[in-house]
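Asker: File upload-v8.cif follows (mmCIF, N, CA and C atoms):
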data_work
#
loop_
_atom_site.label_atom_id
_atom_site.label_comp_id
_atom_site.auth_asym_id
_atom_site.auth_seq_id
_atom_site.Cartn_x
_atom_site.Cartn_y
_atom_site.Cartn_z
N MET B 2 135.36 84.66 -12.32
CA MET B 2 134.54 85.73 -11.81
C MET B 2 133.44 86.09 -12.81
N ALA B 3 133.80 86.19 -14.09
CA ALA B 3 132.81 86.54 -15.11
C ALA B 3 131.78 85.43 -15.27
N ARG B 4 132.24 84.18 -15.21
CA ARG B 4 131.33 83.05 -15.36
C ARG B 4 130.32 83.03 -14.22
N GLY B 5 130.78 83.26 -13.00
CA GLY B 5 129.89 83.27 -11.85
C GLY B 5 128.88 84.41 -11.92
N ALA B 6 129.35 85.60 -12.32
CA ALA B 6 128.44 86.74 -12.44
C ALA B 6 127.40 86.50 -13.53
N ALA B 7 127.83 85.91 -14.65
CA ALA B 7 126.89 85.63 -15.74
C ALA B 7 125.87 84.58 -15.31
N LEU B 8 126.32 83.55 -14.60
CA LEU B 8 125.41 82.50 -14.14
C LEU B 8 124.39 83.05 -13.15
N VAL B 9 124.88 83.77 -12.15
CA VAL B 9 123.96 84.33 -11.15
C VAL B 9 123.03 85.36 -11.78
N GLY B 10 123.57 86.19 -12.68
CA GLY B 10 122.73 87.18 -13.36
C GLY B 10 121.67 86.53 -14.22
N GLY B 11 122.03 85.46 -14.91
CA GLY B 11 121.06 84.77 -15.76
C GLY B 11 119.96 84.10 -14.96
N VAL B 12 120.34 83.40 -13.90
CA VAL B 12 119.33 82.72 -13.07
C VAL B 12 118.42 83.73 -12.39
N THR B 13 119.01 84.79 -11.85
CA THR B 13 118.20 85.82 -11.19
C THR B 13 117.29 86.51 -12.19
N SER B 14 117.79 86.75 -13.40
CA SER B 14 116.96 87.38 -14.43
C SER B 14 115.77 86.51 -14.80
N VAL B 15 116.00 85.21 -14.95
CA VAL B 15 114.90 84.30 -15.31
C VAL B 15 113.84 84.29 -14.20
N LEU B 16 114.27 84.27 -12.95
CA LEU B 16 113.31 84.31 -11.85
C LEU B 16 112.51 85.61 -11.85
N CYS B 17 113.19 86.72 -12.08
CA CYS B 17 112.50 88.02 -12.12
C CYS B 17 111.57 88.13 -13.32
N ILE B 18 111.98 87.58 -14.45
CA ILE B 18 111.14 87.61 -15.65
C ILE B 18 109.86 86.81 -15.41
N GLY B 19 109.99 85.64 -14.80
CA GLY B 19 108.81 84.84 -14.49
C GLY B 19 107.86 85.54 -13.54
N ALA B 20 108.41 86.14 -12.49
CA ALA B 20 107.57 86.84 -11.52
C ALA B 20 106.91 88.06 -12.14
N ALA B 21 107.65 88.79 -12.96
CA ALA B 21 107.09 89.99 -13.59
C ALA B 21 106.03 89.63 -14.62
N ALA B 22 106.22 88.53 -15.34
CA ALA B 22 105.22 88.11 -16.32
C ALA B 22 103.93 87.71 -15.63
N LEU B 23 104.04 87.06 -14.48
CA LEU B 23 102.84 86.69 -13.73
C LEU B 23 102.15 87.91 -13.14
N ALA B 24 102.94 88.87 -12.67
CA ALA B 24 102.37 90.02 -11.98
C ALA B 24 101.85 91.09 -12.94
N ALA B 25 102.56 91.34 -14.04
CA ALA B 25 102.20 92.48 -14.90
C ALA B 25 101.94 92.10 -16.35
N GLY B 26 101.98 90.83 -16.68
CA GLY B 26 101.70 90.41 -18.05
C GLY B 26 102.87 90.66 -19.00
N LEU B 27 102.53 90.90 -20.26
CA LEU B 27 103.55 91.07 -21.29
C LEU B 27 104.45 92.29 -21.08
N PRO B 28 103.92 93.46 -20.69
CA PRO B 28 104.82 94.58 -20.40
C PRO B 28 105.79 94.28 -19.25
N GLY B 29 105.35 93.52 -18.28
CA GLY B 29 106.23 93.12 -17.18
C GLY B 29 107.32 92.20 -17.65
N LEU B 30 106.97 91.28 -18.55
CA LEU B 30 107.97 90.38 -19.12
C LEU B 30 109.02 91.16 -19.90
N TYR B 31 108.57 92.12 -20.72
CA TYR B 31 109.52 92.92 -21.50
C TYR B 31 110.40 93.78 -20.60
N GLY B 32 109.81 94.40 -19.59
CA GLY B 32 110.58 95.23 -18.68
C GLY B 32 111.61 94.43 -17.90
N ALA B 33 111.20 93.27 -17.40
CA ALA B 33 112.12 92.44 -16.63
C ALA B 33 113.21 91.86 -17.52
N ALA B 34 112.86 91.48 -18.75
CA ALA B 34 113.88 90.94 -19.66
C ALA B 34 114.92 91.99 -19.99
N LEU B 35 114.48 93.20 -20.28
CA LEU B 35 115.42 94.28 -20.57
C LEU B 35 116.28 94.60 -19.34
N GLY B 36 115.66 94.64 -18.18
CA GLY B 36 116.42 94.89 -16.95
C GLY B 36 117.44 93.80 -16.67
N GLY B 37 117.07 92.55 -16.90
CA GLY B 37 118.00 91.45 -16.69
C GLY B 37 119.18 91.49 -17.63
N VAL B 38 118.91 91.80 -18.90
CA VAL B 38 120.00 91.88 -19.88
C VAL B 38 120.95 93.02 -19.54
N LEU B 39 120.39 94.18 -19.20
CA LEU B 39 121.24 95.34 -18.89
C LEU B 39 122.05 95.13 -17.62
N ALA B 40 121.43 94.59 -16.58
CA ALA B 40 122.15 94.40 -15.31
C ALA B 40 123.21 93.31 -15.43
N THR B 41 122.89 92.22 -16.12
CA THR B 41 123.88 91.16 -16.31
C THR B 41 125.02 91.64 -17.20
N GLY B 42 124.69 92.38 -18.24
CA GLY B 42 125.73 92.94 -19.10
C GLY B 42 126.64 93.89 -18.35
N SER B 43 126.08 94.70 -17.47
CA SER B 43 126.92 95.62 -16.70
C SER B 43 127.78 94.86 -15.70
N ALA B 44 127.29 93.73 -15.22
CA ALA B 44 128.10 92.94 -14.28
C ALA B 44 129.32 92.34 -14.97
N LEU B 45 129.21 92.08 -16.25
CA LEU B 45 130.34 91.50 -16.98
C LEU B 45 131.42 92.53 -17.29
N LEU B 46 131.15 93.80 -17.03
CA LEU B 46 132.17 94.82 -17.24
C LEU B 46 133.22 94.83 -16.13
N THR B 47 132.88 94.36 -14.94
CA THR B 47 133.84 94.35 -13.83
C THR B 47 135.04 93.46 -14.11
N PRO B 48 134.86 92.21 -14.55
CA PRO B 48 136.05 91.41 -14.87
C PRO B 48 136.88 92.01 -16.01
N VAL B 49 136.22 92.64 -16.97
CA VAL B 49 136.96 93.29 -18.06
C VAL B 49 137.81 94.42 -17.49
N LEU B 50 137.22 95.21 -16.60
CA LEU B 50 137.96 96.30 -15.97
C LEU B 50 139.13 95.78 -15.15
N MET B 51 138.91 94.70 -14.43
CA MET B 51 139.99 94.15 -13.60
C MET B 51 141.10 93.56 -14.47
N LEU B 52 140.76 92.96 -15.59
CA LEU B 52 141.79 92.44 -16.49
C LEU B 52 142.63 93.56 -17.10
N ARG B 53 141.99 94.68 -17.38
CA ARG B 53 142.72 95.80 -17.97
C ARG B 53 143.62 96.49 -16.96
N THR B 54 143.39 96.27 -15.67
CA THR B 54 144.19 96.94 -14.64
C THR B 54 145.11 95.97 -13.90
N THR B 55 145.33 94.79 -14.42
CA THR B 55 146.14 93.80 -13.69
C THR B 55 147.59 94.21 -13.53
N ALA B 56 148.10 95.04 -14.40
CA ALA B 56 149.51 95.45 -14.29
C ALA B 56 149.72 96.52 -13.22
N LEU B 57 148.65 97.07 -12.69
CA LEU B 57 148.75 98.13 -11.68
C LEU B 57 148.91 97.54 -10.29
N ASP B 58 149.18 98.41 -9.33
CA ASP B 58 149.26 97.99 -7.92
C ASP B 58 147.89 97.50 -7.45
N PRO B 59 147.85 96.63 -6.43
CA PRO B 59 146.56 96.13 -5.95
C PRO B 59 145.61 97.24 -5.49
N GLY B 60 146.15 98.29 -4.89
CA GLY B 60 145.30 99.40 -4.47
C GLY B 60 144.65 100.10 -5.65
N ALA B 61 145.38 100.25 -6.73
CA ALA B 61 144.83 100.88 -7.93
C ALA B 61 143.77 99.99 -8.57
N VAL B 62 143.96 98.69 -8.51
CA VAL B 62 142.96 97.76 -9.05
C VAL B 62 141.67 97.86 -8.23
N MET B 63 141.80 97.92 -6.91
CA MET B 63 140.61 98.04 -6.06
C MET B 63 139.90 99.37 -6.29
N LEU B 64 140.68 100.44 -6.46
CA LEU B 64 140.08 101.75 -6.74
C LEU B 64 139.35 101.72 -8.08
N ALA B 65 139.95 101.13 -9.08
CA ALA B 65 139.30 101.02 -10.39
C ALA B 65 138.03 100.18 -10.29
N SER B 66 138.06 99.12 -9.50
CA SER B 66 136.89 98.28 -9.32
C SER B 66 135.76 99.06 -8.63
N PHE B 67 136.11 99.84 -7.63
CA PHE B 67 135.10 100.64 -6.92
C PHE B 67 134.51 101.71 -7.84
N ILE B 68 135.37 102.38 -8.60
CA ILE B 68 134.88 103.39 -9.54
C ILE B 68 133.99 102.74 -10.59
N GLY B 69 134.35 101.54 -11.03
CA GLY B 69 133.51 100.81 -11.98
C GLY B 69 132.15 100.48 -11.40
N LEU B 70 132.11 100.09 -10.12
CA LEU B 70 130.84 99.78 -9.45
C LEU B 70 129.95 101.02 -9.39
N VAL B 71 130.51 102.14 -8.98
CA VAL B 71 129.73 103.37 -8.88
C VAL B 71 129.24 103.81 -10.26
N THR B 72 130.11 103.70 -11.26
CA THR B 72 129.73 104.09 -12.62
C THR B 72 128.60 103.20 -13.14
N LYS B 73 128.69 101.89 -12.89
CA LYS B 73 127.62 100.99 -13.33
C LYS B 73 126.31 101.34 -12.65
N ALA B 74 126.34 101.63 -11.36
CA ALA B 74 125.12 101.98 -10.65
C ALA B 74 124.49 103.25 -11.22
N LEU B 75 125.32 104.23 -11.51
CA LEU B 75 124.79 105.48 -12.08
C LEU B 75 124.22 105.25 -13.48
N ILE B 76 124.90 104.46 -14.29
CA ILE B 76 124.41 104.18 -15.65
C ILE B 76 123.07 103.44 -15.59
N LEU B 77 122.96 102.46 -14.69
CA LEU B 77 121.70 101.72 -14.58
C LEU B 77 120.58 102.63 -14.06
N LEU B 78 120.90 103.56 -13.19
CA LEU B 78 119.90 104.51 -12.71
C LEU B 78 119.43 105.42 -13.84
N ILE B 79 120.37 105.89 -14.66
CA ILE B 79 120.00 106.72 -15.81
C ILE B 79 119.14 105.93 -16.79
N VAL B 80 119.50 104.66 -17.02
CA VAL B 80 118.70 103.81 -17.91
C VAL B 80 117.30 103.63 -17.35
N LEU B 81 117.19 103.44 -16.05
CA LEU B 81 115.88 103.26 -15.42
C LEU B 81 115.01 104.49 -15.63
N PHE B 82 115.57 105.66 -15.41
CA PHE B 82 114.77 106.88 -15.59
C PHE B 82 114.47 107.16 -17.06
N THR B 83 115.38 106.79 -17.94
CA THR B 83 115.16 107.03 -19.37
C THR B 83 114.10 106.09 -19.94
N LEU B 84 114.19 104.81 -19.60
CA LEU B 84 113.27 103.82 -20.17
C LEU B 84 112.01 103.62 -19.34
N GLY B 85 111.92 104.27 -18.21
CA GLY B 85 110.76 104.07 -17.34
C GLY B 85 109.45 104.53 -17.94
N GLY B 86 109.49 105.48 -18.85
CA GLY B 86 108.26 106.00 -19.43
C GLY B 86 107.86 105.36 -20.75
N VAL B 87 108.61 104.37 -21.20
CA VAL B 87 108.27 103.70 -22.46
C VAL B 87 106.97 102.92 -22.27
N PRO B 88 105.99 103.11 -23.17
CA PRO B 88 104.68 102.49 -22.96
C PRO B 88 104.68 100.96 -22.92
N GLY B 89 105.54 100.29 -23.66
CA GLY B 89 105.51 98.83 -23.71
C GLY B 89 106.23 98.14 -22.56
N LEU B 90 106.85 98.92 -21.67
CA LEU B 90 107.60 98.35 -20.55
C LEU B 90 106.92 98.67 -19.23
N HIS B 91 106.88 97.70 -18.35
CA HIS B 91 106.37 97.92 -17.00
C HIS B 91 107.51 98.46 -16.16
N ARG B 92 107.35 99.69 -15.69
CA ARG B 92 108.44 100.39 -15.00
C ARG B 92 108.89 99.66 -13.74
N MET B 93 107.96 99.17 -12.95
CA MET B 93 108.33 98.50 -11.70
C MET B 93 109.07 97.19 -11.98
N SER B 94 108.68 96.46 -13.00
CA SER B 94 109.39 95.23 -13.35
C SER B 94 110.81 95.52 -13.78
N LEU B 95 110.99 96.58 -14.57
CA LEU B 95 112.32 97.00 -14.99
C LEU B 95 113.16 97.38 -13.78
N ALA B 96 112.59 98.18 -12.88
CA ALA B 96 113.33 98.66 -11.72
C ALA B 96 113.70 97.52 -10.77
N VAL B 97 112.75 96.67 -10.46
CA VAL B 97 113.02 95.58 -9.51
C VAL B 97 114.05 94.62 -10.09
N THR B 98 113.92 94.29 -11.37
CA THR B 98 114.88 93.38 -11.98
C THR B 98 116.27 93.98 -12.02
N LEU B 99 116.38 95.27 -12.38
CA LEU B 99 117.69 95.93 -12.36
C LEU B 99 118.31 95.86 -10.97
N LEU B 100 117.54 96.17 -9.95
CA LEU B 100 118.08 96.19 -8.59
C LEU B 100 118.44 94.80 -8.09
N VAL B 101 117.56 93.83 -8.31
CA VAL B 101 117.81 92.48 -7.80
C VAL B 101 119.01 91.84 -8.51
N VAL B 102 119.07 91.95 -9.82
CA VAL B 102 120.19 91.35 -10.56
C VAL B 102 121.49 92.09 -10.24
N PHE B 103 121.43 93.41 -10.13
CA PHE B 103 122.62 94.19 -9.78
C PHE B 103 123.14 93.79 -8.40
N ALA B 104 122.24 93.65 -7.43
CA ALA B 104 122.66 93.26 -6.08
C ALA B 104 123.21 91.83 -6.06
N ALA B 105 122.56 90.92 -6.78
CA ALA B 105 123.01 89.53 -6.79
C ALA B 105 124.37 89.38 -7.46
N THR B 106 124.57 90.05 -8.59
CA THR B 106 125.86 89.93 -9.28
C THR B 106 126.97 90.64 -8.53
N THR B 107 126.65 91.76 -7.88
CA THR B 107 127.66 92.46 -7.08
C THR B 107 128.08 91.60 -5.89
N ALA B 108 127.12 90.94 -5.25
CA ALA B 108 127.46 90.05 -4.14
C ALA B 108 128.30 88.88 -4.63
N THR B 109 127.99 88.35 -5.80
CA THR B 109 128.79 87.26 -6.37
C THR B 109 130.20 87.71 -6.68
N GLU B 110 130.34 88.91 -7.23
CA GLU B 110 131.68 89.44 -7.53
C GLU B 110 132.47 89.67 -6.24
N ALA B 111 131.80 90.16 -5.20
CA ALA B 111 132.49 90.38 -3.93
C ALA B 111 132.93 89.05 -3.33
N TRP B 112 132.08 88.03 -3.40
CA TRP B 112 132.44 86.72 -2.87
C TRP B 112 133.61 86.13 -3.66
N ALA B 113 133.55 86.25 -4.99
CA ALA B 113 134.64 85.72 -5.82
C ALA B 113 135.93 86.48 -5.56
N GLY B 114 135.83 87.79 -5.37
CA GLY B 114 137.01 88.58 -5.07
C GLY B 114 137.65 88.21 -3.75
N SER B 115 136.84 87.79 -2.79
CA SER B 115 137.41 87.40 -1.50
C SER B 115 138.08 86.03 -1.57
N LYS B 116 137.72 85.23 -2.57
CA LYS B 116 138.30 83.89 -2.71
C LYS B 116 139.58 83.88 -3.55
N ILE B 117 139.81 84.97 -4.31
CA ILE B 117 140.99 85.03 -5.17
C ILE B 117 142.22 85.27 -4.31
N LYS B 118 143.25 84.51 -4.56
CA LYS B 118 144.51 84.69 -3.84
C LYS B 118 145.35 85.72 -4.60
N ILE B 119 145.56 86.86 -3.97
CA ILE B 119 146.34 87.93 -4.60
C ILE B 119 147.69 87.99 -3.91
N LEU B 120 148.73 87.95 -4.71
CA LEU B 120 150.08 88.05 -4.18
C LEU B 120 150.45 89.52 -4.05
N ILE B 121 150.67 89.96 -2.84
CA ILE B 121 151.06 91.34 -2.60
C ILE B 121 152.51 91.32 -2.13
N GLY B 122 153.34 92.00 -2.85
CA GLY B 122 154.76 92.02 -2.52
C GLY B 122 155.54 91.19 -3.50
N PRO B 123 156.83 91.05 -3.25
CA PRO B 123 157.66 90.29 -4.18
C PRO B 123 157.32 88.80 -4.11
N GLU B 124 157.57 88.12 -5.21
CA GLU B 124 157.33 86.68 -5.24
C GLU B 124 158.32 86.00 -4.30
N PRO B 125 157.86 85.01 -3.57
CA PRO B 125 158.78 84.31 -2.67
C PRO B 125 159.78 83.47 -3.46
N ASP B 126 160.94 83.28 -2.87
CA ASP B 126 161.95 82.45 -3.51
C ASP B 126 161.47 81.01 -3.53
N PRO B 127 161.82 80.27 -4.58
CA PRO B 127 161.43 78.86 -4.62
C PRO B 127 162.14 78.10 -3.50
N PRO B 128 161.49 77.08 -2.97
CA PRO B 128 162.12 76.32 -1.89
C PRO B 128 163.38 75.61 -2.38
N SER B 129 164.39 75.65 -1.56
CA SER B 129 165.64 74.97 -1.93
C SER B 129 165.59 73.52 -1.47
N ALA B 130 166.17 72.65 -2.26
CA ALA B 130 166.10 71.22 -1.98
C ALA B 130 167.09 70.79 -0.96
#
For the file at hand, write its structure as structure tokens.
Answerer:
Amino acid sequence: MARGAALVGGVTSVLCIGAAALAAGLPGLYGAALGGVLATGSALLTPVLMLRTTALDPGAVMLASFIGLVTKALILLIVLFTLGGVPGLHRMSLAVTLLVVFAATTATEAWAGSKIKILIGPEPDPPSA
């Protein structure tokens, strides 16, 4: 899950950095690069959170994952408003990159989560010969 999120975040960040550099020049490149690093880094917190909650019930793991998603979104929004006024960064490049990378990595995590086989309930008895 972490590898997929990092890969998708990296590729999406590079695409956004290229587009922002063409559209807004050097400030766009800096804004998009910072947005890509922050959004990809925040995406890597979900697998860490899920690993720390593996001993809990599946419902508690899902609740922790949802709370982590909301917390990441709020933190990225606060970062956007805090860094939006920095003179060397293009605000729109930062915002678009944060949103695009966040959406892409969240979709990747959701897809990976749907593919994981989770055992709910007691382990089945081994087949008898």
Asker: From the set B:Leu50, B:Thr13, B:Arg4, B:Ala25, which residue has the shortest atom-to-atom contact distance to Gly37 in chain B, counting only N, CA and C atoms?
Answerer: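 With only N, CA and C atoms as the atom set, the closest residue is B:Thr13.
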Asker: Here is a test: counting only C-alpha atoms, which residue of B:Val80, B:Glu110, B:Gly85, B:Met93 is nearest to Phe67 in chain B?
Answerer: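 Ranked by minimum distance to Phe67 in chain B, first place goes to B:Glu110.
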Asker: What does the structure give for the distance between CA of Gly36 in chain B and atom C of Pro48 in chain B, in Å to one decimal?
Answerer: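 CA of Gly36 in chain B sits 20.7 Å away from atom C of Pro48 in chain B.
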Asker: Out of B:Leu99, B:Met63, B:Ile18, B:Leu75, which residue has the shortest atom-to-atom distance to Thr41 in chain B when counting only C-alpha atoms?
Answerer: B:Leu99
Asker: Distance atom N of Leu46 in chain B-atom N of Val15 in chain B, one decimal place?
Answerer: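 Computed distance, atom N of Leu46 in chain B to atom N of Val15 in chain B, equals 17.5 Å.
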Asker: Residue by residue, what does the PyMOL selection byres ((chain B and resi 91) around 6.5) grab here? Present the result as a ChimeraX atom specification.
Answerer: /B:28-33,88-90,92-96
Asker: Please indicate the distance in Å from atom N of Leu35 in chain B to atom N of Val9 in chain B, rounded to one decimal place.
Answerer: 16.2 Å
